[in-house]
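Peer 1: Supplied structure: data_10.cif, mmCIF, C-alpha atoms.
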data_coords
#
loop_
_atom_site.group_PDB
_atom_site.id
_atom_site.type_symbol
_atom_site.label_atom_id
_atom_site.label_comp_id
_atom_site.auth_asym_id
_atom_site.auth_seq_id
_atom_site.Cartn_x
_atom_site.Cartn_y
_atom_site.Cartn_z
ATOM 1 C CA MET G 1 139.439 111.356 87.360
ATOM 2 C CA THR G 2 137.673 111.376 90.749
ATOM 3 C CA THR G 3 134.964 108.710 90.984
ATOM 4 C CA ARG G 4 131.819 109.004 93.037
ATOM 5 C CA THR G 5 133.249 106.693 95.697
ATOM 6 C CA GLU G 6 136.333 108.945 95.935
ATOM 7 C CA LEU G 7 134.467 112.251 96.202
ATOM 8 C CA ASP G 8 135.732 114.732 98.758
ATOM 9 C CA PHE G 9 132.415 115.247 100.509
ATOM 10 C CA SER G 10 133.840 118.148 102.510
ATOM 11 C CA LEU G 11 133.632 120.210 99.310
ATOM 12 C CA LEU G 12 129.872 119.620 99.091
ATOM 13 C CA ARG G 13 127.024 121.098 101.120
ATOM 14 C CA ASP G 14 123.264 120.815 101.568
ATOM 15 C CA ALA G 15 120.637 122.897 103.366
ATOM 16 C CA LEU G 16 122.223 121.979 106.717
ATOM 17 C CA GLY G 17 125.692 123.187 105.724
ATOM 18 C CA PRO G 18 128.976 121.604 104.540
ATOM 19 C CA LEU G 19 129.123 117.823 104.464
ATOM 20 C CA ARG G 20 131.622 116.170 106.785
ATOM 21 C CA ASP G 21 134.414 113.957 105.567
ATOM 22 C CA ARG G 22 133.247 110.362 105.598
ATOM 23 C CA GLU G 23 136.453 108.959 107.100
ATOM 24 C CA GLN G 24 136.629 111.577 109.855
ATOM 25 C CA VAL G 25 133.060 110.830 110.936
ATOM 26 C CA ALA G 26 133.753 107.090 110.955
ATOM 27 C CA ALA G 27 136.973 107.533 112.961
ATOM 28 C CA ARG G 28 135.130 109.487 115.676
ATOM 29 C CA LEU G 29 132.365 106.876 115.814
ATOM 30 C CA LEU G 30 134.912 104.075 116.104
ATOM 31 C CA GLU G 31 136.584 105.892 119.003
ATOM 32 C CA SER G 32 133.206 106.298 120.720
ATOM 33 C CA SER G 33 132.447 102.608 120.139
ATOM 34 C CA LEU G 34 135.626 101.638 121.970
ATOM 35 C CA LYS G 35 134.605 103.720 124.995
ATOM 36 C CA HIS G 36 130.855 103.154 125.106
ATOM 37 C CA SER G 37 129.917 99.665 123.937
ATOM 38 C CA PHE G 38 128.207 97.033 126.076
ATOM 39 C CA ASP G 39 127.806 93.283 126.202
ATOM 40 C CA PRO G 40 124.184 92.773 127.322
ATOM 41 C CA GLU G 41 124.946 89.212 128.400
ATOM 42 C CA THR G 42 127.195 90.459 131.199
ATOM 43 C CA GLU G 43 126.031 94.068 131.595
ATOM 44 C CA LEU G 44 122.467 93.135 132.616
ATOM 45 C CA ASP G 45 121.350 90.933 135.511
ATOM 46 C CA TRP G 46 119.195 88.425 133.660
ATOM 47 C CA ALA G 47 118.890 86.176 136.721
ATOM 48 C CA ALA G 48 117.259 88.832 138.909
ATOM 49 C CA PRO G 49 113.517 88.334 139.446
ATOM 50 C CA LEU G 50 111.061 90.734 137.887
ATOM 51 C CA GLU G 51 109.798 93.424 140.264
ATOM 52 C CA ASP G 52 106.210 93.390 141.468
ATOM 53 C CA GLY G 53 104.187 96.485 140.650
ATOM 54 C CA LYS G 54 106.535 97.766 137.954
ATOM 55 C CA TRP G 55 105.674 98.380 134.313
ATOM 56 C CA PHE G 56 107.353 96.949 131.243
ATOM 57 C CA TRP G 57 106.721 100.183 129.337
ATOM 58 C CA PRO G 58 105.702 103.672 130.529
ATOM 59 C CA PRO G 59 101.888 103.778 130.613
ATOM 60 C CA GLU G 60 101.778 107.041 128.622
ATOM 61 C CA LEU G 61 103.470 105.203 125.722
ATOM 62 C CA VAL G 62 100.993 102.292 125.723
ATOM 63 C CA SER G 63 98.795 102.464 122.630
ATOM 64 C CA LEU G 64 95.436 102.617 124.451
ATOM 65 C CA TYR G 65 96.485 105.183 127.059
ATOM 66 C CA ASP G 66 93.791 107.803 127.780
ATOM 67 C CA THR G 67 91.162 106.101 125.603
ATOM 68 C CA PRO G 68 87.684 105.066 126.839
ATOM 69 C CA MET G 69 88.850 101.443 126.819
ATOM 70 C CA TRP G 70 91.913 102.328 128.935
ATOM 71 C CA ARG G 71 89.712 104.025 131.499
ATOM 72 C CA ARG G 72 87.614 100.845 131.820
ATOM 73 C CA MET G 73 90.632 98.574 132.260
ATOM 74 C CA SER G 74 91.932 97.508 135.668
ATOM 75 C CA GLU G 75 95.465 98.515 136.653
ATOM 76 C CA GLU G 76 96.516 94.874 136.345
ATOM 77 C CA GLN G 77 95.162 94.674 132.790
ATOM 78 C CA ARG G 78 96.882 97.932 131.838
ATOM 79 C CA MET G 79 100.215 96.622 133.116
ATOM 80 C CA ASP G 80 99.689 93.361 131.286
ATOM 81 C CA LEU G 81 99.018 95.256 128.044
ATOM 82 C CA ALA G 82 102.237 97.227 128.591
ATOM 83 C CA ARG G 83 104.141 93.948 129.005
ATOM 84 C CA HIS G 84 102.761 92.579 125.735
ATOM 85 C CA GLU G 85 103.372 95.850 123.888
ATOM 86 C CA ALA G 86 106.985 95.869 125.094
ATOM 87 C CA ALA G 87 107.336 92.379 123.586
ATOM 88 C CA SER G 88 105.685 93.564 120.373
ATOM 89 C CA LEU G 89 108.070 96.518 120.078
ATOM 90 C CA ALA G 90 111.084 94.314 120.826
ATOM 91 C CA SER G 91 109.921 91.910 118.108
ATOM 92 C CA LEU G 92 109.568 94.810 115.684
ATOM 93 C CA GLY G 93 113.050 95.969 116.652
ATOM 94 C CA ILE G 94 114.565 92.564 115.895
ATOM 95 C CA TRP G 95 112.819 92.432 112.495
ATOM 96 C CA PHE G 96 114.032 95.893 111.633
ATOM 97 C CA GLU G 97 117.593 95.297 112.797
ATOM 98 C CA ILE G 98 117.885 92.151 110.692
ATOM 99 C CA ILE G 99 116.814 94.218 107.676
ATOM 100 C CA LEU G 100 119.268 96.964 108.639
ATOM 101 C CA MET G 101 122.167 94.518 108.875
ATOM 102 C CA GLN G 102 121.442 93.309 105.345
ATOM 103 C CA LEU G 103 121.291 96.884 104.046
ATOM 104 C CA LEU G 104 124.588 97.764 105.711
ATOM 105 C CA VAL G 105 126.340 94.730 104.256
ATOM 106 C CA ARG G 106 125.055 95.695 100.810
ATOM 107 C CA HIS G 107 126.202 99.292 101.332
ATOM 108 C CA ILE G 108 129.818 98.335 102.063
ATOM 109 C CA TYR G 109 130.065 95.539 99.482
ATOM 110 C CA ASP G 110 131.804 97.786 96.918
ATOM 111 C CA LYS G 111 133.609 100.063 99.394
ATOM 112 C CA SER G 112 137.255 99.994 100.422
ATOM 113 C CA LEU G 113 137.610 97.140 102.908
ATOM 114 C CA THR G 114 140.322 98.974 104.852
ATOM 115 C CA SER G 115 138.434 102.275 105.226
ATOM 116 C CA ASP G 116 137.154 103.495 108.583
ATOM 117 C CA HIS G 117 133.733 103.921 106.940
ATOM 118 C CA VAL G 118 133.536 100.164 106.293
ATOM 119 C CA ARG G 119 135.111 99.333 109.640
ATOM 120 C CA TYR G 120 132.448 101.342 111.435
ATOM 121 C CA ALA G 121 129.664 99.698 109.407
ATOM 122 C CA LEU G 122 130.961 96.307 110.544
ATOM 123 C CA THR G 123 131.083 97.620 114.132
ATOM 124 C CA GLU G 124 127.457 98.705 113.841
ATOM 125 C CA ILE G 125 126.448 95.306 112.464
ATOM 126 C CA ALA G 126 128.058 93.716 115.537
ATOM 127 C CA ASP G 127 126.093 96.139 117.752
ATOM 128 C CA GLU G 128 122.843 95.198 116.005
ATOM 129 C CA CYS G 129 123.539 91.493 116.463
ATOM 130 C CA ARG G 130 123.876 92.049 120.214
ATOM 131 C CA HIS G 131 120.762 94.238 120.290
ATOM 132 C CA SER G 132 118.672 91.597 118.531
ATOM 133 C CA MET G 133 119.784 88.914 120.979
ATOM 134 C CA MET G 134 119.162 91.307 123.897
ATOM 135 C CA PHE G 135 115.611 92.073 122.720
ATOM 136 C CA ALA G 136 114.870 88.377 122.244
ATOM 137 C CA ARG G 137 116.070 87.588 125.748
ATOM 138 C CA MET G 138 113.980 90.451 127.186
ATOM 139 C CA ILE G 139 110.878 89.023 125.483
ATOM 140 C CA GLN G 140 111.565 85.615 127.014
ATOM 141 C CA LYS G 141 112.198 87.099 130.459
ATOM 142 C CA GLY G 142 108.921 89.023 130.372
ATOM 143 C CA GLY G 143 106.908 85.900 129.578
ATOM 144 C CA ALA G 144 104.961 87.418 126.667
ATOM 145 C CA PRO G 145 105.148 85.812 123.213
ATOM 146 C CA ALA G 146 107.155 87.201 120.327
ATOM 147 C CA TYR G 147 105.024 89.201 117.895
ATOM 148 C CA PRO G 148 106.252 88.867 114.309
ATOM 149 C CA VAL G 149 105.013 91.418 111.789
ATOM 150 C CA PRO G 150 102.146 90.196 109.554
ATOM 151 C CA PRO G 151 103.308 87.992 106.631
ATOM 152 C CA ILE G 152 102.325 90.577 104.015
ATOM 153 C CA TYR G 153 104.706 93.149 105.525
ATOM 154 C CA HIS G 154 107.372 90.568 106.272
ATOM 155 C CA ASN G 155 107.419 89.688 102.577
ATOM 156 C CA LEU G 156 107.001 93.279 101.401
ATOM 157 C CA ALA G 157 110.208 94.065 103.298
ATOM 158 C CA ARG G 158 111.996 91.510 101.111
ATOM 159 C CA VAL G 159 111.066 93.660 98.127
ATOM 160 C CA LEU G 160 111.837 97.008 99.770
ATOM 161 C CA LYS G 161 115.308 95.971 100.912
ATOM 162 C CA THR G 162 116.043 94.452 97.506
ATOM 163 C CA VAL G 163 115.054 97.471 95.409
ATOM 164 C CA SER G 164 115.994 100.143 97.941
ATOM 165 C CA THR G 165 118.429 102.799 96.792
ATOM 166 C CA THR G 166 121.383 103.572 99.058
ATOM 167 C CA PRO G 167 119.776 106.806 100.328
ATOM 168 C CA GLY G 168 116.527 104.873 100.720
ATOM 169 C CA SER G 169 118.311 102.348 102.907
ATOM 170 C CA PHE G 170 119.641 105.022 105.245
ATOM 171 C CA ALA G 171 116.304 106.852 105.350
ATOM 172 C CA ALA G 172 114.603 103.591 106.352
ATOM 173 C CA THR G 173 117.348 102.996 108.921
ATOM 174 C CA LEU G 174 116.577 106.319 110.595
ATOM 175 C CA LEU G 175 112.849 105.585 110.495
ATOM 176 C CA GLY G 176 113.374 102.392 112.478
ATOM 177 C CA GLU G 177 115.878 103.890 114.900
ATOM 178 C CA GLU G 178 114.739 107.391 115.809
ATOM 179 C CA ILE G 179 111.116 106.838 116.863
ATOM 180 C CA LEU G 180 111.974 103.911 119.115
ATOM 181 C CA ASP G 181 114.983 105.852 120.404
ATOM 182 C CA TRP G 182 112.694 108.715 121.485
ATOM 183 C CA MET G 183 110.477 106.283 123.395
ATOM 184 C CA GLN G 184 113.413 104.486 124.958
ATOM 185 C CA ARG G 185 114.916 107.748 126.210
ATOM 186 C CA LEU G 186 111.687 108.265 128.147
ATOM 187 C CA THR G 187 111.791 104.666 129.372
ATOM 188 C CA PHE G 188 115.285 104.201 130.780
ATOM 189 C CA ALA G 189 114.902 107.170 133.135
ATOM 190 C CA ASP G 190 111.442 106.097 134.364
ATOM 191 C CA GLU G 191 111.647 104.460 137.801
ATOM 192 C CA ARG G 192 108.147 103.010 137.365
ATOM 193 C CA VAL G 193 109.591 100.623 134.762
ATOM 194 C CA GLN G 194 111.250 97.251 135.393
ATOM 195 C CA THR G 195 114.993 97.591 136.058
ATOM 196 C CA LEU G 196 115.805 95.062 133.335
ATOM 197 C CA VAL G 197 113.773 96.950 130.714
ATOM 198 C CA ARG G 198 115.433 100.219 131.732
ATOM 199 C CA GLY G 199 118.830 98.558 131.352
ATOM 200 C CA VAL G 200 117.957 97.233 127.908
ATOM 201 C CA THR G 201 116.765 100.640 126.736
ATOM 202 C CA ARG G 202 119.813 102.410 128.204
ATOM 203 C CA ILE G 203 122.207 100.192 126.252
ATOM 204 C CA HIS G 204 120.187 100.627 123.087
ATOM 205 C CA VAL G 205 119.985 104.424 123.403
ATOM 206 C CA VAL G 206 123.731 104.848 123.987
ATOM 207 C CA GLU G 207 124.739 102.657 121.061
ATOM 208 C CA GLU G 208 121.990 103.808 118.699
ATOM 209 C CA ALA G 209 123.159 107.419 119.040
ATOM 210 C CA ARG G 210 126.220 106.418 116.996
ATOM 211 C CA HIS G 211 124.102 104.548 114.456
ATOM 212 C CA VAL G 212 121.868 107.582 113.958
ATOM 213 C CA ARG G 213 124.885 109.840 113.431
ATOM 214 C CA TYR G 214 126.353 107.436 110.844
ATOM 215 C CA ALA G 215 123.049 107.120 108.977
ATOM 216 C CA ARG G 216 122.279 110.847 109.005
ATOM 217 C CA GLU G 217 125.699 111.799 107.688
ATOM 218 C CA GLU G 218 125.579 109.179 104.949
ATOM 219 C CA LEU G 219 122.026 110.051 103.938
ATOM 220 C CA ARG G 220 123.029 113.695 103.520
ATOM 221 C CA ARG G 221 125.946 112.671 101.273
ATOM 222 C CA GLN G 222 123.781 110.360 99.224
ATOM 223 C CA MET G 223 121.017 112.913 98.664
ATOM 224 C CA VAL G 224 123.542 115.511 97.450
ATOM 225 C CA THR G 225 125.263 113.150 95.014
ATOM 226 C CA ALA G 226 122.374 110.881 93.886
ATOM 227 C CA PRO G 227 120.851 111.413 90.429
ATOM 228 C CA ARG G 228 117.390 112.962 90.358
ATOM 229 C CA TRP G 229 115.588 109.678 89.599
ATOM 230 C CA GLU G 230 117.189 108.106 92.675
ATOM 231 C CA GLN G 231 116.191 111.023 94.868
ATOM 232 C CA GLU G 232 112.576 110.800 93.653
ATOM 233 C CA PHE G 233 112.464 107.032 94.119
ATOM 234 C CA THR G 234 113.907 107.434 97.618
ATOM 235 C CA ARG G 235 111.150 109.906 98.548
ATOM 236 C CA LEU G 236 108.514 107.369 97.514
ATOM 237 C CA SER G 237 110.156 104.305 99.085
ATOM 238 C CA CYS G 238 110.797 106.213 102.322
ATOM 239 C CA GLY G 239 107.149 107.286 102.482
ATOM 240 C CA GLN G 240 105.979 103.724 101.881
ATOM 241 C CA ALA G 241 108.368 102.468 104.582
ATOM 242 C CA ALA G 242 106.815 104.984 107.003
ATOM 243 C CA ARG G 243 103.349 103.567 106.264
ATOM 244 C CA VAL G 244 104.532 99.988 106.833
ATOM 245 C CA PHE G 245 106.378 100.927 110.026
ATOM 246 C CA SER G 246 103.413 102.752 111.561
ATOM 247 C CA THR G 247 101.054 99.896 110.639
ATOM 248 C CA CYS G 248 103.341 97.288 112.204
ATOM 249 C CA PHE G 249 104.286 99.344 115.260
ATOM 250 C CA ILE G 250 102.018 97.423 117.627
ATOM 251 C CA ASN G 251 100.786 93.966 116.679
ATOM 252 C CA PRO G 252 96.987 93.942 117.320
ATOM 253 C CA ALA G 253 97.283 90.407 118.700
ATOM 254 C CA VAL G 254 98.401 92.056 121.950
ATOM 255 C CA TYR G 255 94.778 93.079 122.565
ATOM 256 C CA ASP G 256 93.530 89.514 122.161
ATOM 257 C CA ASN G 257 96.165 88.273 124.581
ATOM 258 C CA VAL G 258 95.042 90.567 127.392
ATOM 259 C CA GLY G 259 91.350 89.829 126.899
ATOM 260 C CA LEU G 260 90.328 92.938 124.930
ATOM 261 C CA ASP G 261 88.174 93.232 121.827
ATOM 262 C CA ARG G 262 90.716 93.645 119.031
ATOM 263 C CA ARG G 263 88.457 95.570 116.657
ATOM 264 C CA GLU G 264 87.357 98.049 119.307
ATOM 265 C CA ALA G 265 90.915 98.497 120.587
ATOM 266 C CA VAL G 266 92.325 99.198 117.124
ATOM 267 C CA ALA G 267 89.528 101.679 116.413
ATOM 268 C CA GLN G 268 90.169 103.542 119.669
ATOM 269 C CA VAL G 269 93.913 103.701 119.057
ATOM 270 C CA ARG G 270 93.300 105.173 115.594
ATOM 271 C CA ALA G 271 90.923 107.762 117.051
ATOM 272 C CA SER G 272 93.207 108.665 119.966
ATOM 273 C CA GLY G 273 94.591 112.184 119.893
ATOM 274 C CA HIS G 274 97.090 111.237 122.595
ATOM 275 C CA ARG G 275 98.430 108.340 120.541
ATOM 276 C CA ARG G 276 98.701 110.491 117.435
ATOM 277 C CA GLU G 277 100.682 113.077 119.403
ATOM 278 C CA VAL G 278 102.981 110.380 120.844
ATOM 279 C CA MET G 279 103.798 108.977 117.404
ATOM 280 C CA GLN G 280 104.281 112.387 115.803
ATOM 281 C CA SER G 281 106.406 113.587 118.722
ATOM 282 C CA GLY G 282 108.566 110.479 118.378
ATOM 283 C CA ALA G 283 109.006 111.127 114.657
ATOM 284 C CA ARG G 284 109.368 114.929 114.774
ATOM 285 C CA ARG G 285 113.131 115.132 115.060
ATOM 286 C CA LEU G 286 113.418 112.732 112.118
ATOM 287 C CA THR G 287 110.779 114.382 109.932
ATOM 288 C CA ASP G 288 112.326 117.807 110.534
ATOM 289 C CA PHE G 289 115.694 116.422 109.392
ATOM 290 C CA LEU G 290 114.225 114.684 106.337
ATOM 291 C CA ASP G 291 112.368 117.849 105.403
ATOM 292 C CA ASP G 292 115.571 119.894 105.686
ATOM 293 C CA ILE G 293 117.453 117.614 103.268
ATOM 294 C CA GLY G 294 114.612 117.478 100.748
ATOM 295 C CA LEU G 295 113.124 114.036 101.343
ATOM 296 C CA LEU G 296 109.591 115.100 102.309
ATOM 297 C CA ARG G 297 108.319 116.373 98.987
ATOM 298 C CA GLY G 298 105.502 115.557 96.592
ATOM 299 C CA PRO G 299 103.851 112.111 96.772
ATOM 300 C CA GLY G 300 106.418 110.990 99.369
ATOM 301 C CA ARG G 301 105.216 113.679 101.777
ATOM 302 C CA ARG G 302 101.610 112.557 101.275
ATOM 303 C CA LEU G 303 102.633 108.987 102.128
ATOM 304 C CA TRP G 304 104.239 110.237 105.343
ATOM 305 C CA LYS G 305 101.066 112.107 106.253
ATOM 306 C CA SER G 306 98.963 109.002 105.614
ATOM 307 C CA SER G 307 101.266 107.039 107.934
ATOM 308 C CA GLY G 308 100.200 109.276 110.835
ATOM 309 C CA LEU G 309 103.819 110.143 111.647
ATOM 310 C CA LEU G 310 103.712 113.594 110.056
ATOM 311 C CA ALA G 311 101.161 116.235 111.020
#
For the structure just supplied, provide its representation as structure tokens.
Peer 2:
Amino acid sequence: MTTRTELDFSLLRDALGPLRDREQVAARLLESSLKHSFDPETELDWAAPLEDGKWFWPPELVSLYDTPMWRRMSEEQRMDLARHEAASLASLGIWFEIILMQLLVRHIYDKSLTSDHVRYALTEIADECRHSMMFARMIQKGGAPAYPVPPIYHNLARVLKTVSTTPGSFAATLLGEEILDWMQRLTFADERVQTLVRGVTRIHVVEEARHVRYAREELRRQMVTAPRWEQEFTRLSCGQAARVFSTCFINPAVYDNVGLDRREAVAQVRASGHRREVMQSGARRLTDFLDDIGLLRGPGRRLWKSSGLLA
């Protein structure tokens, strides 16, 4: 008898078409990893001085951009806020990648240790280790503090990653990867931004493209083969993860650290049409995909809307 772990996924399909064979996808990703992987320790010039007059993050992606408070700020204060927000996003990235590594290890625990699917998962874990160290070093180089997520969400993540279903794990993986990837694609090509930051984002974009492909393909397989209760639970947990992610996206302590009134800044960010469009644009490719495979339904869809990431 064929078990679930031995299913020929190429015989199955979803709204996007036939599912691809798991081993074939992994083999292609492993080949790409051999050609396009980077060691940030040697790839980037960490000893080079920071460049005067350059941003740490494109101004249009800074949370307060085009708000009344932004218009009152000096150019120096705006650039300082961008530096702190870059550190906040890097801190968020490290937190999320540590969670992702745990989810990947749990995913492969019962899989064939000699399969390409497991081998690629281990390759991705190695990538994420390097990314986390790279982000930490970028924070240090920029001179801003690290910005851990609030304790309530730090501890809530313990619960989410413990009870998460396998499809829920891959949905959460895409949530953490695709929005930041969209922003980083805008960043590494922007000559207004520090060369080091552009280098960091370039490495992350190239390697994350493989991670997104792996997660999307596996999520499609899981949603086709998961029992109904697991699909429903995944819709809810994914929606709740979207709310947590959007809440933690920028640590409000950044406003204190550049001399702004935190309460007023947070209120203006929430009221900002530009910011809402930035976040929804960053999430659109992901939400379109999740909608296509049936994850944005019922209460889960309402949670996504309340997160601000879905129009």
Peer 1: Pick the closest to G:Gly282 from G:Arg270, G:Arg185, G:His204, G:His117: which is it, counting only C-alpha atoms?
Peer 2: G:Arg185
Peer 1: Once you count only C-alpha atoms, what closest atom pair and distance in Å to one decimal does each residue of stretch 48-134 of chain G within 9 Å of stretch 154-163 of chain G have, with rows by chain and rising residue number, as CSV?
Peer 2:
residue,atom,partner,partner_atom,distance
G:Trp95,CA,G:His154,CA,8.5
G:Ile99,CA,G:Lys161,CA,7.1
G:Leu100,CA,G:Lys161,CA,8.7
G:Gln102,CA,G:Lys161,CA,8.0
G:Leu103,CA,G:Lys161,CA,6.8
Peer 1: Measure the distance from atom CA of G:Gly142 to atom CA of G:Arg83 in Å and round it to one decimal.
Peer 2: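 Separation between atom CA of G:Gly142 and atom CA of G:Arg83: 7.0 Å.
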Peer 1: At a cut-off of 12 Å around the point (90.0, 103.1, 119.3) (file coordinates), what residues fall inside when counting all atoms listed in the file? I'd like the answer as a PDB file with C-alpha atoms, keeping the file's coordinate frame.
Peer 2:
ATOM      1  CA  SER G  63      98.795 102.464 122.630  1.00  0.00           C
ATOM      2  CA  LEU G  64      95.436 102.617 124.451  1.00  0.00           C
ATOM      3  CA  TYR G  65      96.485 105.183 127.059  1.00  0.00           C
ATOM      4  CA  ASP G  66      93.791 107.803 127.780  1.00  0.00           C
ATOM      5  CA  THR G  67      91.162 106.101 125.603  1.00  0.00           C
ATOM      6  CA  PRO G  68      87.684 105.066 126.839  1.00  0.00           C
ATOM      7  CA  MET G  69      88.850 101.443 126.819  1.00  0.00           C
ATOM      8  CA  TRP G  70      91.913 102.328 128.935  1.00  0.00           C
ATOM      9  CA  PRO G 252      96.987  93.942 117.320  1.00  0.00           C
ATOM     10  CA  TYR G 255      94.778  93.079 122.565  1.00  0.00           C
ATOM     11  CA  LEU G 260      90.328  92.938 124.930  1.00  0.00           C
ATOM     12  CA  ASP G 261      88.174  93.232 121.827  1.00  0.00           C
ATOM     13  CA  ARG G 262      90.716  93.645 119.031  1.00  0.00           C
ATOM     14  CA  ARG G 263      88.457  95.570 116.657  1.00  0.00           C
ATOM     15  CA  GLU G 264      87.357  98.049 119.307  1.00  0.00           C
ATOM     16  CA  ALA G 265      90.915  98.497 120.587  1.00  0.00           C
ATOM     17  CA  VAL G 266      92.325  99.198 117.124  1.00  0.00           C
ATOM     18  CA  ALA G 267      89.528 101.679 116.413  1.00  0.00           C
ATOM     19  CA  GLN G 268      90.169 103.542 119.669  1.00  0.00           C
ATOM     20  CA  VAL G 269      93.913 103.701 119.057  1.00  0.00           C
ATOM     21  CA  ARG G 270      93.300 105.173 115.594  1.00  0.00           C
ATOM     22  CA  ALA G 271      90.923 107.762 117.051  1.00  0.00           C
ATOM     23  CA  SER G 272      93.207 108.665 119.966  1.00  0.00           C
ATOM     24  CA  GLY G 273      94.591 112.184 119.893  1.00  0.00           C
ATOM     25  CA  HIS G 274      97.090 111.237 122.595  1.00  0.00           C
ATOM     26  CA  ARG G 275      98.430 108.340 120.541  1.00  0.00           C
ATOM     27  CA  ARG G 276      98.701 110.491 117.435  1.00  0.00           C
TER      28      ARG G 276
END
Peer 1: Mind pulling up the distance from atom CA of G:Gln184 to atom CA of G:Arg20?
Peer 2: 28.3 Å
Peer 1: Identify the residues within 10 Å of coordinate (102.4, 94.0, 127.6) (same frame as the file), considering all atoms listed in the file, and give the answer as a PDB file with C-alpha atoms, in the coordinates of the input.
Peer 2:
ATOM      1  CA  TRP G  55     105.674  98.380 134.313  1.00  0.00           C
ATOM      2  CA  PHE G  56     107.353  96.949 131.243  1.00  0.00           C
ATOM      3  CA  TRP G  57     106.721 100.183 129.337  1.00  0.00           C
ATOM      4  CA  VAL G  62     100.993 102.292 125.723  1.00  0.00           C
ATOM      5  CA  GLN G  77      95.162  94.674 132.790  1.00  0.00           C
ATOM      6  CA  ARG G  78      96.882  97.932 131.838  1.00  0.00           C
ATOM      7  CA  MET G  79     100.215  96.622 133.116  1.00  0.00           C
ATOM      8  CA  ASP G  80      99.689  93.361 131.286  1.00  0.00           C
ATOM      9  CA  LEU G  81      99.018  95.256 128.044  1.00  0.00           C
ATOM     10  CA  ALA G  82     102.237  97.227 128.591  1.00  0.00           C
ATOM     11  CA  ARG G  83     104.141  93.948 129.005  1.00  0.00           C
ATOM     12  CA  HIS G  84     102.761  92.579 125.735  1.00  0.00           C
ATOM     13  CA  GLU G  85     103.372  95.850 123.888  1.00  0.00           C
ATOM     14  CA  ALA G  86     106.985  95.869 125.094  1.00  0.00           C
ATOM     15  CA  ALA G  87     107.336  92.379 123.586  1.00  0.00           C
ATOM     16  CA  SER G  88     105.685  93.564 120.373  1.00  0.00           C
ATOM     17  CA  LEU G  89     108.070  96.518 120.078  1.00  0.00           C
ATOM     18  CA  GLY G 142     108.921  89.023 130.372  1.00  0.00           C
ATOM     19  CA  GLY G 143     106.908  85.900 129.578  1.00  0.00           C
ATOM     20  CA  ALA G 144     104.961  87.418 126.667  1.00  0.00           C
ATOM     21  CA  PRO G 145     105.148  85.812 123.213  1.00  0.00           C
ATOM     22  CA  VAL G 254      98.401  92.056 121.950  1.00  0.00           C
ATOM     23  CA  TYR G 255      94.778  93.079 122.565  1.00  0.00           C
ATOM     24  CA  ASN G 257      96.165  88.273 124.581  1.00  0.00           C
ATOM     25  CA  VAL G 258      95.042  90.567 127.392  1.00  0.00           C
TER      26      VAL G 258
END
Peer 1: Would you kindly return, as a ChimeraX atom specification, each protein, DNA or RNA residue with an atom no farther than 9 Å from any atom of G:Arg284, considering all atoms listed in the file and excluding same-chain residues fewer than 6 positions away?
Peer 2: /G:179,309-310
Peer 1: Kindly indicate which residue among G:Tyr214, G:Phe38, G:Phe289, G:Phe249 lies nearest to G:Gln24, using only C-alpha atoms for the distances.
Peer 2: G:Tyr214
Peer 1: Quick one, how far is atom CA of G:Glu218 from atom CA of G:Pro40?
Peer 2: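 Separation between atom CA of G:Glu218 and atom CA of G:Pro40: 27.8 Å.
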Peer 1: Translate the PyMOL selection byres ((chain G and resi 49) around 12), as applied to the file shown, into an explicit residue set as a list in words.
Peer 2: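 With the shown file as input, the PyMOL selection byres ((chain G and resi 49) around 12) matches Asp45, Trp46, Ala47, Ala48, Leu50, Glu51, Asp52, Lys54, Lys141, Gly142, Gln194, Thr195 and Leu196 of chain G.
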Peer 1: Could you save the residues just selected, with C-alpha atoms, as an mmCIF file, in the coordinates of the input?
Peer 2:
data_model
loop_
_atom_site.group_PDB
_atom_site.id
_atom_site.type_symbol
_atom_site.label_atom_id
_atom_site.label_comp_id
_atom_site.auth_asym_id
_atom_site.auth_seq_id
_atom_site.Cartn_x
_atom_site.Cartn_y
_atom_site.Cartn_z
ATOM 1 C CA ASP G 45 121.350 90.933 135.511
ATOM 2 C CA TRP G 46 119.195 88.425 133.660
ATOM 3 C CA ALA G 47 118.890 86.176 136.721
ATOM 4 C CA ALA G 48 117.259 88.832 138.909
ATOM 5 C CA LEU G 50 111.061 90.734 137.887
ATOM 6 C CA GLU G 51 109.798 93.424 140.264
ATOM 7 C CA ASP G 52 106.210 93.390 141.468
ATOM 8 C CA LYS G 54 106.535 97.766 137.954
ATOM 9 C CA LYS G 141 112.198 87.099 130.459
ATOM 10 C CA GLY G 142 108.921 89.023 130.372
ATOM 11 C CA GLN G 194 111.250 97.251 135.393
ATOM 12 C CA THR G 195 114.993 97.591 136.058
ATOM 13 C CA LEU G 196 115.805 95.062 133.335
#
Peer 1: I need the residue nearest G:Gly300 from this list: G:Glu178, G:Asp288, G:Glu31, G:Glu232. Use all atoms listed in the file for the distance.
Peer 2: G:Glu232
Peer 1: Expanded to explicit residues, what is the PyMOL selection byres ((chain G and resi 302) around 12) for this file, as a ChimeraX atom specification?
Peer 2: /G:235-236,238-240,242-243,295-301,303-311
Peer 1: Could you make a table, as a Markdown table, of the residues of stretch 201-258 of chain G that have an atom within 9 Å of an atom of stretch 124-137 of chain G, each with its nearest atom pair and distance in Å to one decimal, counting only C-alpha atoms, in chain and number order?
Peer 2:
| residue | atom | partner | partner_atom | distance |
| --- | --- | --- | --- | --- |
| G:Ile203 | CA | G:His131 | CA | 8.5 |
| G:His204 | CA | G:His131 | CA | 7.0 |
| G:Glu207 | CA | G:Asp127 | CA | 7.4 |
| G:Glu208 | CA | G:Asp127 | CA | 8.7 |
| G:Arg210 | CA | G:Glu124 | CA | 8.4 |
| G:His211 | CA | G:Glu124 | CA | 6.8 |
Peer 1: To verify the selection step, state as a PyMOL selection string which residues the PyMOL selection byres ((chain G and resi 189) around 12) yields on this input.
Peer 2: chain G and resi 57-58+182-188+190-195+197-202+205
